[in-house]
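One file, query-v6.json, carrying JSON, C-alpha atoms:
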```json
[["chain", "number", "residue", "atom", "x", "y", "z"],
["O", 1, "MET", "CA", -20.70, -7.54, -17.68],
["O", 2, "HIS", "CA", -21.94, -5.79, -20.82],
["O", 3, "ASP", "CA", -25.36, -5.37, -19.18],
["O", 4, "TRP", "CA", -23.75, -3.85, -16.10],
["O", 5, "LEU", "CA", -21.68, -1.46, -18.21],
["O", 6, "ALA", "CA", -24.77, -0.46, -20.20],
["O", 7, "SER", "CA", -26.63, 0.26, -16.95],
["O", 8, "HIS", "CA", -23.93, 2.86, -16.26],
["O", 9, "ASP", "CA", -24.08, 4.32, -19.79],
["O", 10, "VAL", "CA", -20.77, 2.77, -20.78],
["O", 11, "GLU", "CA", -20.59, 1.48, -24.35],
["O", 12, "PRO", "CA", -17.38, -0.43, -25.20],
["O", 13, "SER", "CA", -15.87, 0.65, -28.53],
["O", 14, "GLY", "CA", -13.99, -2.63, -28.96],
["O", 15, "PRO", "CA", -13.31, -5.98, -27.32],
["O", 16, "ILE", "CA", -12.90, -6.08, -23.56],
["O", 17, "THR", "CA", -9.49, -7.58, -22.78],
["O", 18, "THR", "CA", -7.80, -8.95, -19.67],
["O", 19, "VAL", "CA", -4.92, -6.86, -18.34],
["O", 20, "HIS", "CA", -4.06, -9.34, -15.62],
["O", 21, "GLU", "CA", -5.70, -12.13, -13.66],
["O", 22, "ARG", "CA", -4.33, -12.73, -10.19],
["O", 23, "PRO", "CA", -5.54, -14.64, -7.13],
["O", 24, "TRP", "CA", -6.61, -11.40, -5.44],
["O", 25, "SER", "CA", -8.11, -9.49, -8.41],
["O", 26, "THR", "CA", -8.71, -9.45, -12.15],
["O", 27, "VAL", "CA", -8.37, -6.25, -14.19],
["O", 28, "LEU", "CA", -10.07, -5.82, -17.58],
["O", 29, "ARG", "CA", -9.57, -3.04, -20.13],
["O", 30, "VAL", "CA", -12.81, -1.55, -21.48],
["O", 31, "PRO", "CA", -12.14, 0.64, -24.56],
["O", 32, "THR", "CA", -14.64, 3.47, -25.06],
["O", 33, "ALA", "CA", -14.93, 6.47, -27.37],
["O", 34, "ASP", "CA", -13.79, 8.67, -24.46],
["O", 35, "GLY", "CA", -10.73, 6.56, -23.62],
["O", 36, "ASP", "CA", -9.98, 3.32, -21.86],
["O", 37, "LEU", "CA", -11.71, 2.35, -18.64],
["O", 38, "PHE", "CA", -10.51, -0.39, -16.30],
["O", 39, "LEU", "CA", -12.78, -2.82, -14.50],
["O", 40, "LYS", "CA", -11.22, -4.35, -11.39],
["O", 41, "GLN", "CA", -12.96, -7.45, -10.07],
["O", 42, "GLU", "CA", -11.89, -8.10, -6.50],
["O", 43, "GLN", "CA", -11.54, -11.43, -4.71],
["O", 44, "PRO", "CA", -12.66, -11.67, -1.05],
["O", 45, "VAL", "CA", -9.16, -11.09, 0.36],
["O", 46, "GLN", "CA", -9.30, -7.44, -0.75],
["O", 47, "GLU", "CA", -12.91, -6.76, -1.64],
["O", 48, "TYR", "CA", -12.82, -3.75, 0.69],
["O", 49, "GLU", "CA", -10.80, -1.93, -1.99],
["O", 50, "VAL", "CA", -14.03, -1.02, -3.79],
["O", 51, "ALA", "CA", -15.58, 0.82, -0.85],
["O", 52, "LEU", "CA", -12.20, 2.28, 0.13],
["O", 53, "THR", "CA", -11.48, 3.70, -3.33],
["O", 54, "VAL", "CA", -14.99, 5.15, -3.63],
["O", 55, "ALA", "CA", -14.61, 6.83, -0.22],
["O", 56, "LEU", "CA", -11.16, 8.24, -1.03],
["O", 57, "ALA", "CA", -12.32, 9.45, -4.45],
["O", 58, "SER", "CA", -15.17, 11.34, -2.79],
["O", 59, "ARG", "CA", -12.64, 13.32, -0.73],
["O", 60, "TRP", "CA", -9.45, 13.29, -2.81],
["O", 61, "ALA", "CA", -10.57, 13.18, -6.43],
["O", 62, "ASP", "CA", -7.36, 14.82, -7.66],
["O", 63, "ARG", "CA", -4.97, 12.09, -6.46],
["O", 64, "VAL", "CA", -6.69, 8.67, -6.46],
["O", 65, "PRO", "CA", -8.41, 6.62, -9.19],
["O", 66, "GLU", "CA", -11.30, 8.37, -10.93],
["O", 67, "VAL", "CA", -14.29, 6.17, -10.17],
["O", 68, "VAL", "CA", -16.84, 5.76, -12.96],
["O", 69, "ALA", "CA", -18.99, 3.10, -11.27],
["O", 70, "ALA", "CA", -18.85, 0.61, -8.42],
["O", 71, "ASP", "CA", -20.76, -2.56, -7.61],
["O", 72, "PHE", "CA", -20.36, -3.33, -3.91],
["O", 73, "GLU", "CA", -22.22, -6.64, -4.13],
["O", 74, "ARG", "CA", -20.00, -8.02, -6.91],
["O", 75, "SER", "CA", -16.89, -6.15, -5.69],
["O", 76, "TRP", "CA", -16.39, -4.51, -9.08],
["O", 77, "LEU", "CA", -14.71, -1.14, -9.55],
["O", 78, "LEU", "CA", -14.70, 0.78, -12.84],
["O", 79, "THR", "CA", -12.14, 3.59, -13.14],
["O", 80, "ARG", "CA", -10.69, 5.88, -15.79],
["O", 81, "ASP", "CA", -7.26, 5.40, -17.29],
["O", 82, "GLY", "CA", -4.71, 6.86, -14.88],
["O", 83, "GLY", "CA", -2.14, 7.55, -17.58],
["O", 84, "VAL", "CA", 1.41, 6.17, -17.49],
["O", 85, "ARG", "CA", 3.10, 4.51, -14.52],
["O", 86, "ILE", "CA", 6.31, 6.28, -13.54],
["O", 87, "ALA", "CA", 8.04, 2.88, -13.57],
["O", 88, "ASP", "CA", 7.26, 2.66, -17.30],
["O", 89, "SER", "CA", 8.02, 6.28, -18.18],
["O", 90, "GLY", "CA", 11.08, 6.58, -15.97],
["O", 91, "ALA", "CA", 9.72, 9.94, -14.79],
["O", 92, "LEU", "CA", 10.70, 9.42, -11.16],
["O", 93, "ASP", "CA", 10.71, 13.20, -10.74],
["O", 94, "ALA", "CA", 6.93, 12.84, -10.24],
["O", 95, "PHE", "CA", 7.50, 10.64, -7.18],
["O", 96, "PRO", "CA", 8.06, 13.54, -4.72],
["O", 97, "ARG", "CA", 4.79, 15.13, -5.83],
["O", 98, "ALA", "CA", 3.02, 11.79, -5.32],
["O", 99, "LEU", "CA", 4.45, 11.52, -1.78],
["O", 100, "GLU", "CA", 3.42, 15.10, -1.00],
["O", 101, "LEU", "CA", -0.14, 14.42, -2.15],
["O", 102, "TYR", "CA", -0.22, 11.11, -0.32],
["O", 103, "GLY", "CA", 1.00, 12.63, 2.97],
["O", 104, "GLU", "CA", -1.77, 15.24, 2.78],
["O", 105, "LEU", "CA", -4.30, 12.47, 2.16],
["O", 106, "GLN", "CA", -3.05, 10.48, 5.16],
["O", 107, "VAL", "CA", -3.34, 13.45, 7.48],
["O", 108, "GLY", "CA", -6.82, 14.20, 6.17],
["O", 109, "GLU", "CA", -7.93, 10.59, 6.61],
["O", 110, "ILE", "CA", -6.98, 10.31, 10.29],
["O", 111, "ALA", "CA", -10.60, 11.04, 11.14],
["O", 112, "HIS", "CA", -11.82, 8.09, 9.07],
["O", 113, "VAL", "CA", -9.88, 5.16, 10.55],
["O", 114, "GLY", "CA", -13.03, 3.75, 12.14],
["O", 115, "GLU", "CA", -14.73, 3.79, 8.75],
["O", 116, "PHE", "CA", -11.80, 1.91, 7.19],
["O", 117, "LEU", "CA", -11.83, -0.77, 9.88],
["O", 118, "ALA", "CA", -15.56, -1.24, 9.34],
["O", 119, "MET", "CA", -14.87, -1.78, 5.62],
["O", 120, "GLY", "CA", -12.59, -4.68, 6.48],
["O", 121, "LEU", "CA", -9.12, -3.12, 6.32],
["O", 122, "ARG", "CA", -6.74, -4.87, 8.65],
["O", 123, "ASP", "CA", -5.89, -3.21, 11.96],
["O", 124, "LEU", "CA", -2.08, -2.95, 11.98],
["O", 125, "ARG", "CA", -1.65, -0.14, 14.45],
["O", 126, "LEU", "CA", 1.50, -0.19, 16.57],
["O", 127, "PRO", "CA", 0.12, -2.02, 19.65],
["O", 128, "VAL", "CA", -1.47, -4.68, 17.44],
["O", 129, "VAL", "CA", 1.71, -5.22, 15.45],
["O", 130, "ALA", "CA", 3.81, -5.42, 18.61],
["O", 131, "GLU", "CA", 1.60, -8.25, 19.87],
["O", 132, "LEU", "CA", 1.76, -10.05, 16.52],
["O", 133, "TYR", "CA", 5.54, -10.26, 16.32],
["O", 134, "GLU", "CA", 6.41, -13.26, 18.50],
["O", 135, "PRO", "CA", 3.38, -15.45, 17.59],
["O", 136, "PHE", "CA", 4.13, -14.83, 13.91],
["O", 137, "PHE", "CA", 7.41, -16.72, 14.20],
["O", 138, "GLU", "CA", 5.79, -19.85, 15.55],
["O", 139, "ARG", "CA", 5.79, -20.72, 11.81],
["O", 140, "ASP", "CA", 9.01, -20.75, 9.81],
["O", 141, "HIS", "CA", 7.52, -19.02, 6.72],
["O", 142, "GLY", "CA", 10.18, -20.64, 4.53],
["O", 143, "LEU", "CA", 13.14, -19.60, 6.67],
["O", 144, "GLU", "CA", 15.87, -21.79, 8.11],
["O", 145, "PRO", "CA", 15.47, -22.67, 11.84],
["O", 146, "ALA", "CA", 18.52, -20.56, 12.73],
["O", 147, "GLU", "CA", 17.00, -17.54, 10.98],
["O", 148, "VAL", "CA", 13.73, -17.95, 12.86],
["O", 149, "ALA", "CA", 15.66, -18.19, 16.13],
["O", 150, "ARG", "CA", 17.49, -14.94, 15.36],
["O", 151, "LEU", "CA", 14.22, -13.16, 14.56],
["O", 152, "ARG", "CA", 12.64, -14.41, 17.77],
["O", 153, "ALA", "CA", 15.68, -13.24, 19.73],
["O", 154, "LEU", "CA", 15.23, -9.79, 18.18],
["O", 155, "ALA", "CA", 11.73, -9.39, 19.64],
["O", 156, "PRO", "CA", 12.91, -7.00, 22.42],
["O", 157, "ARG", "CA", 14.60, -4.79, 19.82],
["O", 158, "PHE", "CA", 11.52, -4.77, 17.60],
["O", 159, "LEU", "CA", 9.26, -3.91, 20.54],
["O", 160, "ALA", "CA", 11.61, -1.12, 21.64],
["O", 161, "LEU", "CA", 11.53, 0.43, 18.17],
["O", 162, "CYS", "CA", 7.72, 0.20, 18.10],
["O", 163, "ALA", "CA", 7.60, 1.89, 21.51],
["O", 164, "GLU", "CA", 9.81, 4.67, 20.14],
["O", 165, "LEU", "CA", 7.35, 5.27, 17.30],
["O", 166, "GLU", "CA", 4.40, 5.11, 19.69],
["O", 167, "ALA", "CA", 6.02, 7.79, 21.87],
["O", 168, "LEU", "CA", 6.18, 10.12, 18.87],
["O", 169, "GLY", "CA", 2.39, 10.31, 18.96],
["O", 170, "LEU", "CA", 1.59, 10.30, 15.25],
["O", 171, "PRO", "CA", -2.04, 9.21, 14.84],
["O", 172, "ALA", "CA", -2.82, 6.07, 12.84],
["O", 173, "SER", "CA", -4.22, 6.55, 9.35],
["O", 174, "ILE", "CA", -4.64, 4.78, 6.03],
["O", 175, "GLN", "CA", -1.43, 2.98, 5.04],
["O", 176, "HIS", "CA", -1.23, 2.07, 1.33],
["O", 177, "ASP", "CA", 1.51, -0.56, 1.87],
["O", 178, "ASP", "CA", 2.40, -0.81, -1.82],
["O", 179, "LEU", "CA", 3.39, 2.72, -2.76],
["O", 180, "HIS", "CA", 5.98, 1.84, -5.38],
["O", 181, "GLN", "CA", 6.69, 3.23, -8.84],
["O", 182, "TRP", "CA", 4.19, 0.89, -10.55],
["O", 183, "ASN", "CA", 1.29, 2.36, -8.57],
["O", 184, "VAL", "CA", 1.98, 6.04, -9.27],
["O", 185, "PHE", "CA", 0.35, 7.21, -12.51],
["O", 186, "VAL", "CA", 0.83, 10.46, -14.41],
["O", 187, "ARG", "CA", -1.62, 11.86, -16.96],
["O", 188, "GLY", "CA", -0.77, 15.39, -18.00],
["O", 189, "ASP", "CA", -0.44, 17.41, -14.79],
["O", 190, "ARG", "CA", -2.35, 14.83, -12.77],
["O", 191, "VAL", "CA", -0.38, 12.56, -10.42],
["O", 192, "ALA", "CA", -2.44, 9.79, -8.83],
["O", 193, "ILE", "CA", -1.91, 6.79, -6.57],
["O", 194, "TYR", "CA", -3.61, 3.56, -7.63],
["O", 195, "ASP", "CA", -4.12, 0.04, -6.27],
["O", 196, "TRP", "CA", -5.26, 0.41, -2.66],
["O", 197, "GLY", "CA", -5.92, -3.31, -2.16],
["O", 198, "ASP", "CA", -3.07, -3.87, 0.33],
["O", 199, "SER", "CA", -4.09, -0.97, 2.56],
["O", 200, "SER", "CA", -4.45, -1.17, 6.30],
["O", 201, "VAL", "CA", -4.97, 1.12, 9.28],
["O", 202, "ALA", "CA", -1.47, 1.48, 10.68],
["O", 203, "PHE", "CA", 1.40, 3.69, 11.74],
["O", 204, "PRO", "CA", 1.29, 6.08, 8.77],
["O", 205, "LEU", "CA", 4.99, 6.44, 7.99],
["O", 206, "TRP", "CA", 5.33, 2.73, 7.21],
["O", 207, "SER", "CA", 4.29, 3.87, 3.74],
["O", 208, "TRP", "CA", 7.85, 5.14, 3.37],
["O", 209, "LEU", "CA", 9.10, 1.56, 2.90],
["O", 210, "LYS", "CA", 8.35, 1.09, -0.81],
["O", 211, "PRO", "CA", 9.42, 4.59, -2.01],
["O", 212, "PHE", "CA", 12.67, 4.21, -0.06],
["O", 213, "PHE", "CA", 13.39, 0.84, -1.62],
["O", 214, "ALA", "CA", 12.50, 2.14, -5.09],
["O", 215, "LEU", "CA", 15.04, 4.95, -4.94],
["O", 216, "ASP", "CA", 17.63, 2.79, -3.21],
["O", 217, "ASP", "CA", 17.34, 0.22, -6.02],
["O", 218, "ALA", "CA", 17.73, 3.02, -8.56],
["O", 219, "GLY", "CA", 20.75, 4.45, -6.73],
["O", 220, "MET", "CA", 18.97, 7.78, -6.24],
["O", 221, "ASP", "CA", 19.11, 10.18, -3.30],
["O", 222, "PRO", "CA", 15.82, 9.91, -1.35],
["O", 223, "GLU", "CA", 16.05, 13.40, 0.16],
["O", 224, "ALA", "CA", 13.51, 15.00, -2.21],
["O", 225, "LEU", "CA", 11.01, 12.25, -1.46],
["O", 226, "ARG", "CA", 11.70, 12.49, 2.27],
["O", 227, "LYS", "CA", 11.07, 16.24, 2.37],
["O", 228, "ALA", "CA", 7.93, 15.96, 0.23],
["O", 229, "TYR", "CA", 6.44, 13.17, 2.32],
["O", 230, "LEU", "CA", 7.14, 14.76, 5.70],
["O", 231, "ALA", "CA", 5.71, 18.17, 4.75],
["O", 232, "ALA", "CA", 2.16, 17.24, 5.74],
["O", 233, "TRP", "CA", 3.31, 15.74, 9.06],
["O", 234, "ARG", "CA", 5.26, 18.75, 10.34],
["O", 235, "PRO", "CA", 2.35, 20.02, 12.51],
["O", 236, "PHE", "CA", 2.66, 16.78, 14.51],
["O", 237, "ALA", "CA", 6.39, 16.63, 15.30],
["O", 238, "SER", "CA", 9.72, 18.31, 14.67],
["O", 239, "ASP", "CA", 11.69, 17.67, 11.52],
["O", 240, "ARG", "CA", 14.33, 15.81, 13.53],
["O", 241, "GLU", "CA", 11.72, 13.55, 15.11],
["O", 242, "LEU", "CA", 10.04, 12.86, 11.78],
["O", 243, "ARG", "CA", 13.32, 12.00, 10.08],
["O", 244, "ARG", "CA", 14.15, 9.61, 12.90],
["O", 245, "ALA", "CA", 10.69, 8.08, 12.52],
["O", 246, "LEU", "CA", 11.39, 7.41, 8.84],
["O", 247, "GLU", "CA", 14.61, 5.63, 9.81],
["O", 248, "VAL", "CA", 12.75, 3.45, 12.30],
["O", 249, "ALA", "CA", 9.90, 2.91, 9.84],
["O", 250, "VAL", "CA", 12.09, 0.64, 7.72],
["O", 251, "PRO", "CA", 12.99, -2.09, 10.27],
["O", 252, "THR", "CA", 9.58, -1.90, 11.95],
["O", 253, "GLY", "CA", 7.50, -1.56, 8.77],
["O", 254, "LEU", "CA", 9.02, -4.64, 7.18],
["O", 255, "PHE", "CA", 7.27, -6.85, 9.72],
["O", 256, "PRO", "CA", 3.64, -5.74, 9.14],
["O", 257, "TYR", "CA", 4.40, -5.84, 5.41],
["O", 258, "ALA", "CA", 5.49, -9.47, 5.78],
["O", 259, "ALA", "CA", 2.37, -10.18, 7.86],
["O", 260, "GLN", "CA", 0.21, -8.81, 5.04],
["O", 261, "ILE", "CA", 2.02, -11.02, 2.53],
["O", 262, "ARG", "CA", 1.39, -14.03, 4.77],
["O", 263, "ARG", "CA", -2.30, -13.12, 5.01],
["O", 264, "GLN", "CA", -2.58, -12.85, 1.23],
["O", 265, "TYR", "CA", -0.77, -16.14, 0.66],
["O", 266, "ASP", "CA", -2.98, -17.94, 3.17],
["O", 267, "ALA", "CA", -6.14, -16.54, 1.59],
["O", 268, "THR", "CA", -5.24, -17.15, -2.06],
["O", 269, "GLN", "CA", -2.80, -20.05, -2.00],
["O", 270, "ALA", "CA", -0.59, -18.12, -4.41],
["O", 271, "HIS", "CA", 2.51, -19.87, -3.10],
["O", 272, "SER", "CA", 3.62, -21.35, -6.43],
["O", 273, "ASP", "CA", 4.18, -17.88, -7.89],
["O", 274, "TYR", "CA", 5.21, -15.91, -4.83],
["O", 275, "GLY", "CA", 6.47, -18.44, -2.28],
["O", 276, "THR", "CA", 10.01, -17.09, -2.38],
["O", 277, "TYR", "CA", 8.92, -13.49, -1.76],
["O", 278, "LEU", "CA", 7.96, -13.87, 1.90],
["O", 279, "PRO", "CA", 11.25, -15.40, 3.09],
["O", 280, "GLN", "CA", 13.10, -12.79, 1.02],
["O", 281, "ARG", "CA", 11.34, -9.97, 2.86],
["O", 282, "LEU", "CA", 11.78, -11.69, 6.24],
["O", 283, "ARG", "CA", 15.53, -11.96, 5.64],
["O", 284, "GLN", "CA", 15.46, -8.25, 4.85],
["O", 285, "LEU", "CA", 13.66, -7.69, 8.17],
["O", 286, "LEU", "CA", 16.30, -9.76, 9.97],
["O", 287, "ALA", "CA", 19.14, -7.72, 8.50],
["O", 288, "ALA", "CA", 17.39, -4.41, 9.24],
["O", 289, "LEU", "CA", 16.67, -5.29, 12.87],
["O", 290, "GLU", "CA", 20.20, -6.52, 13.46],
["O", 291, "ALA", "CA", 21.53, -3.25, 12.05],
["O", 292, "ALA", "CA", 19.06, -1.00, 13.88]]
```
Translate the structure of the given file into structure tokens.
Amino acid sequence: MHDWLASHDVEPSGPITTVHERPWSTVLRVPTADGDLFLKQEQPVQEYEVALTVALASRWADRVPEVVAADFERSWLLTRDGGVRIADSGALDAFPRALELYGELQVGEIAHVGEFLAMGLRDLRLPVVAELYEPFFERDHGLEPAEVARLRALAPRFLALCAELEALGLPASIQHDDLHQWNVFVRGDRVAIYDWGDSSVAFPLWSWLKPFFALDDAGMDPEALRKAYLAAWRPFASDRELRRALEVAVPTGLFPYAAQIRRQYDATQAHSDYGTYLPQRLRQLLAALEAA
């Protein structure tokens, strides 16, 4: 590791320490005279994050991690310190700006969906997700049999909501899938979105799920976030249509999110730590579909 850092003219000014070690990635802090750098070492389940982050940084350097170096063979990504997470600072007033920047990025990246799929991002566009729904519930995923039966019975409702979103005609784009307050960093005037390892190619407004839940948990009005996020999408549909799409994005987006969790669990066997999370989200899906 020290040899690799030296090959990129990076000289640690102190011990390299582990920030976290998880089944899908390990992150190390590399102190330098010019500030901390962070080395993310990906596991196969999300190794595409290296190529994805490099590509996004080449086009959106002001709002994604600042890449210092990348090793595609090892799946290593070295980035600059992003600053402070808004979850830690409590500065949720930066969240609307993050959503505005992110919406612009999504619209700009519509042309690159083929590139993302070639990198290995999962295809979770609306027709794919609609076909996944019923086969997914051939497993119980930690739910009670009666809960599985209710979810299976809701298949026509889920498919109808997906068809409604399809009819809107928004093009698929990059979908971060984990756009919560721990992945938005602020450093001075710079607001940036980190941790693209859960990304897919999908219906774009499914990214609304995590910001909506974050503000709902905090008891805050989501209107500022809603307006900021939809600004970039207004050339594609009316404000009324886009607002309706955000409503439908919650009950529909919970399913591909659960499918991604299942994929990660199956690939990493991280059930001992996170085995309760999937049924929790599926029960949330059940409630949302029954209320939709």
**Asked** Could you work out how far atom CA of O:Trp233 lies from atom CA of O:Gly188, giving the answer in Å with one decimal?
**Response** 27.4 Å
**Request:** Identify the residues around (-2.1, -1.1, -10.5) within a radius of 6 Å, measuring from all atoms listed in the file in the coordinates stated by the file, and give them as a list in words.
**Result:** Asn183, Tyr194 and Asp195 of chain O
**Item:** Using all atoms listed in the file: which of O:Leu124, O:Ile261, O:Ala87, O:Met220 has the shortest distance to O:Val201
**Value:**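 Closest to O:Val201, using all atoms listed in the file: O:Leu124.
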Would you mind listing, for every residue of stretch 16-55 of chain O within 7 Å of stretch 73-82 of chain O, the two atoms forming the shortest contact and the distance between them in Å to one decimal, using all atoms listed in the file, sorted by chain and ascending residue number, as a Markdown table?
```
| residue | atom | partner | partner_atom | distance |
| --- | --- | --- | --- | --- |
| O:Asp36 | CA | O:Asp81 | CA | 5.7 |
| O:Leu37 | CA | O:Arg80 | CA | 4.7 |
| O:Phe38 | CA | O:Thr79 | CA | 5.3 |
| O:Leu39 | CA | O:Leu78 | CA | 4.4 |
| O:Lys40 | CA | O:Leu77 | CA | 5.1 |
| O:Gln41 | CA | O:Trp76 | CA | 4.6 |
| O:Glu42 | CA | O:Ser75 | CA | 5.4 |
| O:Glu47 | CA | O:Ser75 | CA | 5.7 |
| O:Val50 | CA | O:Leu77 | CA | 5.8 |
```
**Prompt:** To one decimal place, how far is atom CA of O:Ala94 from atom CA of O:Gly35 in Å?
**Reply:**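 That distance, rounded to one decimal, is 23.0 Å.
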**Item:** Between atom CA of O:Gly197 and atom CA of O:Val19 - distance in Å to one decimal
**Value:**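 Result for atom CA of O:Val19 versus atom CA of O:Gly197: 16.6 Å, one decimal.
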**Request:** Identify which of the residues O:Ala163, O:Ala192, O:Ile110, O:Ala292 lies closest to O:Gln175, counting all atoms listed in the file when measuring atom-to-atom distances.
**Result:**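 Ranking O:Ala163, O:Ala192, O:Ile110, O:Ala292 by distance to O:Gln175, first place goes to O:Ile110.
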**Asked** Which is closer to O:Ala155 than all the others in O:Leu285, O:Ala61, O:Ala202, O:Ile16, using all atoms listed in the file?
**Response**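 Selected residue with least distance to O:Ala155: O:Leu285.
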**Message:** With all atoms listed in the file as the counted atoms, please give the residues lying no more than 10 Å from O:Trp196, apart from itself and same-chain residues fewer than 2 positions off, as an MDAnalysis selection string.
**Reply:** chainID O and resid 46 48:50 52:53 56 64:65 174:179 183 193:194 198:200
**Asked** Closest to O:Ala111 among O:Pro171, O:Leu161, O:Arg152, O:Arg97, using only C-alpha atoms?
**Response**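 Comparing O:Pro171, O:Leu161, O:Arg152, O:Arg97 against O:Ala111, the winner is O:Pro171.
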